[in-house]
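For reference, query38.txt is printed below; it contains compact mmCIF, C-alpha atoms.
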# COMPACT_ATOMS: atom_id res chain seq x y z
CA MET A 174 -191.93 193.09 -13.56
CA THR A 175 -192.38 195.15 -16.73
CA SER A 176 -195.49 194.61 -18.81
CA ARG A 177 -193.88 196.38 -21.77
CA ILE A 178 -193.50 194.42 -24.98
CA PHE A 179 -191.10 195.17 -27.83
CA ARG A 180 -193.01 195.28 -31.12
CA GLY A 181 -190.14 195.45 -33.59
CA SER A 182 -188.73 192.72 -35.85
CA PHE A 183 -185.25 191.27 -35.40
CA THR A 184 -185.17 190.18 -39.05
CA GLN A 185 -186.45 193.34 -40.72
CA GLN A 186 -183.70 195.21 -42.54
CA GLU A 187 -183.83 198.77 -43.81
CA PRO A 188 -185.11 199.23 -47.37
CA ILE A 189 -182.58 199.16 -50.18
CA PRO A 190 -181.60 202.81 -50.90
CA GLU A 191 -183.51 204.48 -53.72
CA GLU A 192 -180.29 205.07 -55.63
CA ALA A 193 -179.61 201.33 -55.51
CA ILE A 194 -183.13 200.51 -56.64
CA GLU A 195 -182.75 202.86 -59.62
CA ALA A 196 -179.40 201.29 -60.52
CA ALA A 197 -180.91 197.79 -60.29
CA VAL A 198 -183.83 198.79 -62.51
CA ALA A 199 -181.40 200.18 -65.09
CA VAL A 200 -179.56 196.85 -65.14
CA MET A 201 -182.82 194.94 -65.54
CA ARG A 202 -183.91 197.20 -68.38
CA SER A 203 -180.63 196.52 -70.14
CA GLY A 204 -181.16 192.77 -69.89
CA ARG A 205 -177.41 192.35 -69.30
CA LEU A 206 -177.28 190.84 -65.81
CA HIS A 207 -174.25 188.60 -66.37
CA ARG A 208 -171.08 190.35 -65.31
CA TYR A 209 -169.33 189.71 -68.64
CA ASN A 210 -172.27 190.71 -70.85
CA LEU A 211 -170.97 194.21 -71.66
CA THR A 212 -171.06 196.58 -74.59
CA SER A 213 -167.88 197.96 -76.12
CA GLY A 214 -166.08 200.20 -73.65
CA GLU A 215 -168.52 199.46 -70.82
CA HIS A 216 -167.06 198.61 -67.41
CA GLY A 217 -170.19 197.13 -65.84
CA GLU A 218 -171.56 197.34 -62.31
CA THR A 219 -169.61 194.35 -60.99
CA ALA A 220 -166.21 195.58 -62.13
CA LEU A 221 -166.96 199.06 -60.77
CA LEU A 222 -167.97 197.57 -57.43
CA GLU A 223 -164.76 195.54 -57.26
CA ARG A 224 -162.64 198.65 -57.74
CA GLU A 225 -164.65 200.67 -55.22
CA PHE A 226 -164.58 197.94 -52.57
CA ALA A 227 -160.83 197.37 -53.04
CA ASP A 228 -160.21 201.09 -52.59
CA TRP A 229 -162.46 201.24 -49.52
CA GLN A 230 -160.90 198.15 -47.96
CA GLY A 231 -157.35 199.20 -48.80
CA SER A 232 -156.59 196.05 -50.81
CA LYS A 233 -154.89 195.78 -54.19
CA TYR A 234 -157.36 193.25 -55.56
CA CYS A 235 -161.01 192.39 -55.11
CA LEU A 236 -163.18 189.67 -56.63
CA ALA A 237 -166.98 189.91 -56.35
CA MET A 238 -168.50 186.52 -55.50
CA ALA A 239 -171.90 184.83 -55.42
CA SER A 240 -171.75 184.42 -51.63
CA GLY A 241 -169.49 184.79 -48.64
CA GLY A 242 -169.22 181.02 -48.39
CA GLN A 243 -168.06 180.84 -52.02
CA ALA A 244 -165.49 183.53 -51.24
CA ILE A 245 -164.11 181.35 -48.42
CA GLN A 246 -164.02 178.20 -50.54
CA THR A 247 -162.38 180.01 -53.43
CA GLY A 248 -159.89 181.74 -51.15
CA LEU A 249 -158.87 178.45 -49.53
CA ARG A 250 -158.41 176.65 -52.83
CA ALA A 251 -156.58 179.57 -54.43
CA ALA A 252 -154.26 179.59 -51.39
CA GLY A 253 -153.38 175.95 -52.04
CA VAL A 254 -155.62 174.10 -49.57
CA GLY A 255 -156.69 170.71 -50.89
CA ASP A 256 -157.50 167.11 -50.04
CA GLY A 257 -156.37 166.06 -46.59
CA ASP A 258 -154.87 169.42 -45.63
CA LYS A 259 -155.48 170.43 -42.04
CA VAL A 260 -156.91 173.91 -41.53
CA LEU A 261 -157.04 175.66 -38.16
CA THR A 262 -160.23 177.58 -37.41
CA ASN A 263 -162.33 178.85 -34.51
CA ALA A 264 -164.41 176.34 -32.56
CA PHE A 265 -166.99 179.15 -32.29
CA THR A 266 -168.08 180.12 -35.77
CA LEU A 267 -170.95 179.55 -38.19
CA ALA A 268 -171.45 176.43 -40.29
CA PRO A 269 -170.23 177.88 -43.64
CA VAL A 270 -166.69 178.19 -42.23
CA PRO A 271 -165.95 174.52 -41.49
CA GLY A 272 -168.21 173.76 -44.44
CA ALA A 273 -165.89 175.63 -46.77
CA ILE A 274 -162.88 173.75 -45.41
CA ALA A 275 -164.64 170.43 -46.01
CA ALA A 276 -165.77 171.54 -49.48
CA VAL A 277 -162.17 171.88 -50.67
CA GLY A 278 -161.19 168.56 -49.07
CA GLY A 279 -159.59 170.07 -45.97
CA LEU A 280 -159.80 168.82 -42.40
CA PRO A 281 -160.87 171.40 -39.78
CA VAL A 282 -158.74 171.65 -36.64
CA LEU A 283 -160.85 173.56 -34.12
CA VAL A 284 -159.20 176.07 -31.80
CA GLU A 285 -160.65 177.01 -28.41
CA ILE A 286 -162.09 180.47 -27.71
CA ASP A 287 -161.87 182.55 -24.55
CA GLU A 288 -164.67 184.03 -22.44
CA ASN A 289 -164.68 187.12 -24.70
CA LEU A 290 -165.44 184.95 -27.77
CA ARG A 291 -162.02 185.44 -29.33
CA LEU A 292 -159.60 182.79 -30.53
CA ASP A 293 -157.44 181.45 -27.69
CA VAL A 294 -153.96 182.33 -28.96
CA GLU A 295 -152.23 179.82 -26.66
CA ASP A 296 -154.45 177.01 -27.95
CA LEU A 297 -153.80 178.23 -31.50
CA ASP A 298 -150.06 177.88 -30.94
CA ARG A 299 -150.51 174.42 -29.43
CA LYS A 300 -152.86 173.14 -32.14
CA ALA A 301 -150.63 174.54 -34.89
CA ALA A 302 -147.64 172.68 -33.46
CA GLU A 303 -149.57 169.44 -32.95
CA SER A 304 -151.39 169.39 -36.28
CA GLY A 305 -148.77 170.81 -38.62
CA ALA A 306 -151.53 172.82 -40.30
CA ARG A 307 -150.29 175.33 -42.86
CA THR A 308 -153.43 177.51 -42.89
CA LEU A 309 -155.55 179.35 -40.33
CA LEU A 310 -159.05 180.32 -41.46
CA LEU A 311 -159.65 182.99 -38.83
CA SER A 312 -163.34 183.71 -38.30
CA HIS A 313 -163.97 187.10 -36.71
CA MET A 314 -167.13 185.56 -35.34
CA ARG A 315 -169.94 187.96 -34.47
CA GLY A 316 -167.57 190.89 -34.93
CA HIS A 317 -165.07 190.08 -32.15
CA LEU A 318 -161.54 190.80 -33.37
CA CYS A 319 -158.65 188.83 -31.87
CA ASP A 320 -155.39 190.35 -30.78
CA MET A 321 -154.17 190.40 -34.36
CA ASP A 322 -150.59 191.13 -33.40
CA ALA A 323 -150.50 187.98 -31.28
CA VAL A 324 -152.22 185.86 -33.95
CA MET A 325 -149.83 186.98 -36.68
CA ALA A 326 -146.84 186.38 -34.40
CA VAL A 327 -147.94 182.76 -33.94
CA ALA A 328 -148.51 182.46 -37.70
CA GLU A 329 -144.99 183.65 -38.37
CA SER A 330 -143.39 181.44 -35.74
CA ARG A 331 -145.32 178.31 -36.82
CA GLY A 332 -145.16 179.07 -40.54
CA PHE A 333 -148.84 179.03 -41.46
CA GLN A 334 -150.80 181.40 -43.68
CA VAL A 335 -153.88 183.30 -42.48
CA ILE A 336 -157.14 183.76 -44.37
CA GLU A 337 -159.62 186.06 -42.63
CA ASP A 338 -163.37 185.50 -42.56
CA CYS A 339 -164.65 189.08 -42.21
CA ALA A 340 -168.36 188.38 -42.69
CA HIS A 341 -169.07 190.11 -39.36
CA THR A 342 -166.25 192.69 -39.38
CA MET A 343 -166.62 194.64 -42.63
CA GLY A 344 -165.14 197.98 -41.57
CA ALA A 345 -163.85 196.90 -38.14
CA ARG A 346 -160.25 197.72 -37.22
CA TRP A 347 -157.50 196.45 -34.93
CA LYS A 348 -155.13 199.27 -33.97
CA GLY A 349 -156.38 201.22 -36.97
CA THR A 350 -155.87 198.44 -39.54
CA LYS A 351 -159.04 197.11 -41.14
CA SER A 352 -159.92 193.48 -40.59
CA GLY A 353 -159.04 191.57 -43.72
CA ASN A 354 -155.71 193.34 -44.19
CA TYR A 355 -153.62 190.97 -42.07
CA GLY A 356 -153.67 187.63 -43.88
CA VAL A 357 -152.98 186.48 -47.43
CA ALA A 358 -156.67 186.91 -48.28
CA ALA A 359 -159.95 188.03 -46.74
CA CYS A 360 -163.53 186.97 -47.32
CA PHE A 361 -166.63 189.14 -46.89
CA SER A 362 -170.37 188.51 -47.11
CA THR A 363 -173.21 190.68 -48.42
CA GLN A 364 -175.94 188.28 -47.33
CA THR A 365 -179.05 190.07 -46.03
CA TYR A 366 -178.03 190.00 -42.36
CA LYS A 367 -174.53 191.36 -42.94
CA HIS A 368 -173.32 194.96 -43.34
CA MET A 369 -174.43 195.40 -46.94
CA ASN A 370 -177.47 193.62 -48.32
CA SER A 371 -177.71 191.91 -51.70
CA GLY A 372 -179.57 188.84 -50.48
CA GLU A 373 -176.51 186.71 -51.18
CA GLY A 374 -173.07 187.83 -52.27
CA GLY A 375 -169.52 188.39 -51.11
CA PHE A 376 -165.98 189.53 -51.82
CA LEU A 377 -162.53 188.02 -51.79
CA THR A 378 -159.67 190.51 -51.34
CA SER A 379 -155.90 190.08 -51.38
CA ASP A 380 -152.63 191.80 -52.22
CA ASP A 381 -151.27 188.58 -53.79
CA PRO A 382 -151.65 188.75 -57.61
CA ASP A 383 -151.10 185.03 -58.21
CA LEU A 384 -153.61 183.99 -55.55
CA MET A 385 -156.16 186.38 -57.04
CA ALA A 386 -155.52 185.14 -60.57
CA ARG A 387 -156.25 181.59 -59.42
CA ALA A 388 -159.36 182.80 -57.56
CA THR A 389 -160.63 184.66 -60.62
CA ILE A 390 -160.38 181.56 -62.81
CA LEU A 391 -162.00 179.48 -60.08
CA SER A 392 -164.90 181.95 -59.91
CA GLY A 393 -165.65 181.24 -63.58
CA SER A 394 -164.08 184.05 -65.58
CA TYR A 395 -164.39 182.36 -69.01
CA MET A 396 -161.02 184.05 -69.64
CA PHE A 397 -162.61 187.50 -69.43
CA TYR A 398 -160.28 188.45 -66.58
CA ASP A 399 -159.53 191.73 -68.31
CA ARG A 400 -163.11 192.78 -67.50
CA HIS A 401 -162.48 192.89 -63.75
CA GLY A 402 -162.25 196.18 -61.92
CA ALA A 403 -159.59 195.25 -59.37
CA GLY A 404 -157.76 192.22 -60.76
CA PRO A 405 -154.07 191.45 -61.32
CA ASP A 406 -152.20 191.93 -64.60
CA GLU A 407 -152.68 189.42 -67.39
CA LYS A 408 -149.26 187.82 -66.86
CA HIS A 409 -150.44 186.33 -63.56
CA PHE A 410 -153.08 184.27 -65.37
CA GLU A 411 -150.66 182.40 -67.62
CA ALA A 412 -150.58 179.29 -65.41
CA ALA A 413 -153.86 179.70 -63.54
CA ARG A 414 -156.01 179.73 -66.66
CA TYR A 415 -155.06 176.10 -67.36
CA GLN A 416 -154.93 174.79 -63.79
CA MET A 417 -158.03 176.12 -62.02
CA PRO A 418 -161.51 174.64 -62.66
CA ASN A 419 -164.51 176.88 -63.30
CA GLN A 420 -166.76 176.84 -60.19
CA SER A 421 -169.31 179.40 -61.43
CA ALA A 422 -169.23 181.54 -58.29
CA ARG A 423 -169.46 185.02 -59.81
CA MET A 424 -171.50 187.97 -58.59
CA ASP A 425 -173.98 189.26 -61.18
CA ALA A 426 -174.51 192.86 -62.27
CA LEU A 427 -177.86 193.18 -60.50
CA ARG A 428 -176.44 192.51 -57.05
CA ALA A 429 -173.45 194.72 -57.76
CA ALA A 430 -175.78 197.59 -58.71
CA ILE A 431 -177.62 197.18 -55.40
CA LEU A 432 -174.38 197.18 -53.41
CA ARG A 433 -172.51 200.16 -54.85
CA PRO A 434 -174.71 202.84 -53.21
CA GLN A 435 -174.71 200.85 -49.95
CA LEU A 436 -170.91 200.92 -49.86
CA ARG A 437 -171.04 204.72 -49.89
CA LEU A 438 -173.28 204.62 -46.78
CA LEU A 439 -171.27 202.00 -44.91
CA GLU A 440 -169.18 204.19 -42.61
CA GLU A 441 -172.31 206.10 -41.56
CA ASN A 442 -174.13 202.84 -40.88
CA ILE A 443 -171.24 201.47 -38.83
CA ALA A 444 -171.60 204.46 -36.49
CA ARG A 445 -175.34 203.80 -36.24
CA TRP A 446 -174.80 200.11 -35.39
CA ASN A 447 -172.29 201.00 -32.71
CA THR A 448 -174.76 203.38 -31.08
CA LEU A 449 -177.32 200.57 -30.90
CA TYR A 450 -174.74 198.11 -29.58
CA ASN A 451 -173.50 200.44 -26.86
CA THR A 452 -177.06 201.22 -25.78
CA VAL A 453 -177.90 197.54 -25.31
CA ALA A 454 -174.52 196.73 -23.74
CA ASP A 455 -174.81 199.56 -21.21
CA GLY A 456 -178.28 198.33 -20.27
CA LEU A 457 -177.24 194.69 -19.90
CA LYS A 458 -174.31 195.60 -17.67
CA LYS A 459 -176.79 196.79 -15.04
CA SER A 460 -177.49 193.17 -14.19
CA PRO A 461 -174.99 191.24 -12.05
CA ALA A 462 -176.27 188.06 -13.73
CA ILE A 463 -175.21 189.08 -17.24
CA VAL A 464 -171.69 189.10 -18.68
CA VAL A 465 -171.07 191.11 -21.85
CA PRO A 466 -167.83 190.32 -23.74
CA ARG A 467 -165.07 192.83 -23.10
CA ARG A 468 -164.19 194.97 -26.12
CA PRO A 469 -160.43 195.77 -26.19
CA GLN A 470 -159.29 199.37 -26.59
CA GLU A 471 -157.38 198.36 -29.73
CA GLU A 472 -160.60 197.26 -31.46
CA ASP A 473 -162.90 199.50 -33.50
CA MET A 474 -165.98 197.30 -33.80
CA VAL A 475 -169.03 197.03 -36.01
CA GLY A 476 -171.79 196.28 -33.51
CA SER A 477 -174.47 194.77 -35.76
CA SER A 478 -175.22 192.08 -33.19
CA ILE A 479 -174.62 191.59 -29.49
CA GLN A 480 -173.74 188.55 -27.41
CA PHE A 481 -173.93 187.99 -23.67
CA ARG A 482 -173.68 185.16 -21.16
CA VAL A 483 -175.70 184.33 -18.06
CA PRO A 484 -173.21 181.96 -16.38
CA ALA A 485 -175.45 180.96 -13.47
CA LEU A 486 -178.10 179.36 -15.70
CA ASP A 487 -178.43 175.68 -16.46
CA VAL A 488 -180.05 174.31 -19.62
CA ALA A 489 -183.57 174.69 -18.23
CA GLY A 490 -182.80 178.23 -17.12
CA CYS A 491 -181.50 179.17 -20.57
CA ARG A 492 -184.63 177.84 -22.20
CA THR A 493 -186.78 179.72 -19.71
CA LEU A 494 -184.96 182.99 -20.40
CA ILE A 495 -185.47 182.55 -24.15
CA ARG A 496 -189.19 181.87 -23.63
CA ARG A 497 -189.74 184.76 -21.24
CA CYS A 498 -187.93 187.24 -23.49
CA SER A 499 -189.87 185.96 -26.50
CA ASP A 500 -193.12 186.55 -24.61
CA HIS A 501 -192.02 190.20 -24.39
CA GLY A 502 -191.07 190.42 -28.08
CA VAL A 503 -187.29 189.94 -27.72
CA GLN A 504 -185.90 187.15 -29.90
CA LEU A 505 -182.72 185.60 -28.51
CA LYS A 506 -180.58 182.91 -30.09
CA TRP A 507 -178.73 180.44 -27.85
CA PHE A 508 -175.49 178.69 -28.75
CA GLY A 509 -175.86 176.14 -25.95
CA ASP A 510 -178.56 174.12 -27.67
CA ARG A 511 -177.43 170.67 -28.80
CA GLU A 512 -179.55 170.89 -31.95
CA PRO A 513 -178.82 173.39 -34.77
CA SER A 514 -181.49 176.07 -35.02
CA GLY A 515 -181.73 178.76 -37.69
CA PHE A 516 -178.34 180.42 -38.07
CA THR A 517 -177.10 178.96 -34.77
CA SER A 518 -175.12 175.73 -34.47
CA ASP A 519 -171.90 174.53 -32.86
CA HIS A 520 -169.13 172.03 -33.53
CA ALA A 521 -171.17 169.08 -32.20
CA SER A 522 -173.52 169.54 -35.16
CA TRP A 523 -170.79 169.41 -37.82
CA ARG A 524 -170.53 165.65 -38.18
CA TYR A 525 -168.81 165.57 -41.56
CA PHE A 526 -165.44 165.55 -39.79
CA GLU A 527 -164.09 163.85 -36.69
CA ALA A 528 -165.46 165.12 -33.37
CA GLN A 529 -163.05 167.20 -31.30
CA THR A 530 -162.86 167.93 -27.56
CA LEU A 531 -163.25 171.63 -26.75
CA PRO A 532 -164.15 172.01 -23.06
CA ARG A 533 -163.45 175.73 -22.76
CA THR A 534 -165.50 176.61 -25.83
CA ASP A 535 -168.35 174.37 -24.69
CA ALA A 536 -168.40 176.05 -21.29
CA VAL A 537 -168.64 179.50 -22.89
CA LEU A 538 -171.28 178.50 -25.43
CA SER A 539 -173.46 176.73 -22.86
CA THR A 540 -174.85 180.06 -21.59
CA LEU A 541 -174.13 182.29 -24.62
CA PHE A 542 -177.00 184.29 -26.10
CA ASP A 543 -176.99 186.18 -29.37
CA MET A 544 -179.17 188.94 -30.77
CA ARG A 545 -179.24 190.88 -34.04
CA LEU A 546 -179.37 194.68 -34.01
CA PRO A 547 -180.88 195.74 -37.35
CA LEU A 548 -180.75 199.41 -38.29
CA THR A 549 -184.54 199.48 -38.19
CA PHE A 550 -184.12 199.70 -34.37
CA SER A 551 -183.78 203.04 -32.57
CA PRO A 552 -181.70 203.69 -29.45
CA GLN A 553 -185.00 203.89 -27.54
CA ASP A 554 -185.87 200.40 -28.84
CA CYS A 555 -182.52 199.14 -27.62
CA THR A 556 -183.07 200.58 -24.14
CA LEU A 557 -186.37 198.71 -23.92
CA ILE A 558 -184.82 195.49 -25.24
CA ALA A 559 -182.03 195.64 -22.66
CA ASP A 560 -184.55 196.31 -19.85
CA ILE A 561 -186.60 193.26 -20.87
CA ILE A 562 -183.53 191.00 -20.96
CA VAL A 563 -182.21 192.27 -17.61
CA GLU A 564 -185.49 191.90 -15.78
CA ASN A 565 -186.04 188.39 -17.10
CA ALA A 566 -182.44 187.26 -16.54
CA ASP A 567 -182.59 188.46 -12.94
CA LEU A 568 -185.94 186.67 -12.38
CA VAL A 569 -184.77 183.39 -13.93
CA ARG A 570 -181.50 183.44 -11.99
CA THR A 571 -183.33 183.84 -8.68

Transcribe the structure of this file into structure tokens.
Amino acid sequence: MTSRIFRGSFTQQEPIPEEAIEAAVAVMRSGRLHRYNLTSGEHGETALLEREFADWQGSKYCLAMASGGQAIQTGLRAAGVGDGDKVLTNAFTLAPVPGAIAAVGGLPVLVEIDENLRLDVEDLDRKAAESGARTLLLSHMRGHLCDMDAVMAVAESRGFQVIEDCAHTMGARWKGTKSGNYGVAACFSTQTYKHMNSGEGGFLTSDDPDLMARATILSGSYMFYDRHGAGPDEKHFEAARYQMPNQSARMDALRAAILRPQLRLLEENIARWNTLYNTVADGLKKSPAIVVPRRPQEEDMVGSSIQFRVPALDVAGCRTLIRRCSDHGVQLKWFGDREPSGFTSDHASWRYFEAQTLPRTDAVLSTLFDMRLPLTFSPQDCTLIADIIVENADLVRT
């Protein structure tokens, strides 16, 4: 048994780039942190970021938001979801996703996942038919892209719209198309543990000008929609400006200033994350006890976290593995716990809507472990981490 201990931190992110720090200081010195507090002829950091992110994502429109959760809520409401509307979504996701559905008055209809953590397309088809839901909020949970061709085929046949939650797939692709470019809208997060770091923040993107006009008013535009960097033409606001309530969900100039230089580094960082992911995955696959989700050939991932199962373990065994790995400096999260912990919870904890029976998802989550891969790790760190997990998983299993 190894006596080696990993000394790194699973919550320590890289420093904000110096260029971003300088841009943030310039905003603070100006005193004009509100996105609409601009001088004559000035575009402002937030509008510039919207244009740059829209161009990078390949979307016509982009709205910078106060958080990823606000982007989801705003996207749902702008897409017409309201009181009593049923909304399909993954049974395996994070709490802000069903929370956003509930926040706009919707009723989550949870869809099973498969052993590779992707939406079960057959169950999606069945639940869509049974529920009559007109919207799928598709969560690309932990960066695992579904077969998007199959999902969109079901959407077309059943007549529901798709909104993508891309909090974990900023820059990922399915058959060369970026996640977020399939549905009527896409939502992104720039919370600290996502792919760009502004503490909190997010984006809503779409090619639908009327949806984006409604979203812009919802975000709290104070009718300054002409000061957006990637918004629709003024004519699309004629109805929305009277119909949508102000929810004060804007991104401020300070966070936008921090994010713009990070966007320019994103493709480079995606390659770095994938190196770390592949290093850990290759190490974990050495153990017959551990199952790493299969990544389809059609998927270009962003490997900022890794998940694995140890199917032979019971509840006590899962707890023992967590403890043993922690003793060696490796911090694992476990989705099989009945109590919500940190950023980890499951559908049994979301008691603000009616409980639903999801045996396949429960079976997968019962032995599912999760681990962040911050860019402060090196490939050598990841080799050690994988060795620690493998040795302890093999010991616990026996």

field: Contact residues around A:Leu267 with all atoms listed in the file at 12 Å, ignoring same-chain residues under 3 positions, as a ChimeraX atom specification
entry: /A:241-242,262-264,270-273,311-315,338,340-341,508,513-520,522-523

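Atom pair atom CA of A:Gly316 / atom CA of A:Glu471: separated by 13.7 Å.
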
query: For A:Ser460, which residue among A:Arg177, A:Arg511, A:Ser551, A:Phe481 is the nearest when counting all atoms listed in the file?
result: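 Once distances to A:Ser460 are computed over all atoms listed in the file, the minimum belongs to A:Phe481.
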
- prompt: Looking at only C-alpha atoms, which of A:Arg180, A:Ile390, A:Val324, A:Ala227 is the one that sits closest to A:Trp347?
  reply: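 Smallest distance to A:Trp347 is found for A:Val324.
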
- prompt: Pick the closest to A:Glu472 from A:Thr350, A:Thr266, A:Ser213, A:Gln364: which is it, counting all atoms listed in the file?
  reply: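 Closest residue, counting all atoms listed in the file: A:Thr350.
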
field: Distance of atom CA of A:Thr556 from atom CA of A:Val537, expressed in Å to one decimal place
entry: 25.6 Å

Nearest candidate to A:Arg497 (options A:Met474, A:Glu512, A:Ile178, A:Ala193; using all atoms listed in the file):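 Counting all atoms listed in the file, the residue closest to A:Arg497 is A:Ile178.
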
task: Just give me the residues with any atom within 9 Å of (-164.8, 163.9, -44.5), file coordinates, counting only C-alpha atoms, written as a PyMOL selection string.
output: chain A and resi 257+275+278-280+524-527

Would you output that residue set with C-alpha atoms, as a CSV table (one decimal), in the frame of the given file?
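Written output follows (out_11.csv):
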chain,number,residue,atom,x,y,z
A,257,GLY,CA,-156.4,166.1,-46.6
A,275,ALA,CA,-164.6,170.4,-46.0
A,278,GLY,CA,-161.2,168.6,-49.1
A,279,GLY,CA,-159.6,170.1,-46.0
A,280,LEU,CA,-159.8,168.8,-42.4
A,524,ARG,CA,-170.5,165.6,-38.2
A,525,TYR,CA,-168.8,165.6,-41.6
A,526,PHE,CA,-165.4,165.6,-39.8
A,527,GLU,CA,-164.1,163.8,-36.7

- request: Identify, on the basis of only C-alpha atoms, every residue whose closest approach to A:Arg346 does not exceed 12 Å; exclude the query and any residue fewer than 5 positions from it along the same chain; express the result as a list of chain:residue names.
  value: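 What passes the distance filter is A:Gln230, A:His313, A:Gly316, A:His317, A:Leu318, A:Cys319, A:Asp320, A:Met321, A:Cys339, A:His341, A:Lys351, A:Ser352, A:Gly353, A:Asn354, A:Tyr355, A:Ile443, A:Pro469, A:Gln470, A:Glu471, A:Glu472, A:Asp473, A:Met474, A:Val475.
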
- prompt: Smallest atom-to-atom distance to A:Ala197: which of A:Gly509, A:Gly456, A:Pro434, A:Pro532, using all atoms listed in the file?
  reply: A:Pro434

- request: Show which residues sit within 9 Å of stretch 220-223 of chain A, as a list in words. Count all atoms listed in the file, and ignore same-chain residues fewer than 4 positions away.
  value: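 Skipping anything fewer than 4 positions along the chain leaves Arg208, His216, Ala227, Asp228, Tyr234, Cys235, Leu236, Ala237, Phe376, Arg400, His401, Gly402, Ala403, Gly404, Ala426, Ala429, Ala430, Leu432, Arg433 and Leu436 of chain A.
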
Among listed residues A:Ala454, A:Gly372, A:Val284, A:Met343, nearest A:Arg468 (using all atoms listed in the file):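 When distances to A:Arg468 are compared using all atoms listed in the file, the smallest one comes from A:Ala454.
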
- prompt: Quick one, how far is atom CA of A:Cys498 from atom CA of A:Arg482?
  reply: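 Interatomic distance here is 14.6 Å.
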
Under the rule of at most 9 Å, produce a per-residue listing of stretch 437-526 of chain A near stretch 181-187 of chain A: chain, number, name, the closest pair of atoms, and the distance in Å, as a tab-separated table, using all atoms listed in the file.
residue	atom	partner	partner_atom	distance
A:Gly502	CA	A:Gly181	CA	7.5
A:Val503	CA	A:Phe183	CA	8.1
A:Gln504	CA	A:Phe183	CA	6.9

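Residues lying within 10 Å of A:Gln243, counting only C-alpha atoms and ignoring same-chain neighbours fewer than 6 positions away, are A:Leu249, A:Pro269, A:Ala273, A:Ala276, A:Cys360, A:Phe361, A:Ser362, A:Gly374, A:Gly375, A:Phe376, A:Leu377, A:Ser392, A:Gln420, A:Ser421, A:Ala422, A:Arg423.
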
- request: Would you kindly return, as a count of residues only, each protein, DNA or RNA residue with an atom no farther than 9 Å from any atom of A:Leu427, considering all atoms listed in the file and excluding same-chain residues fewer than 4 positions away?
  value: 14
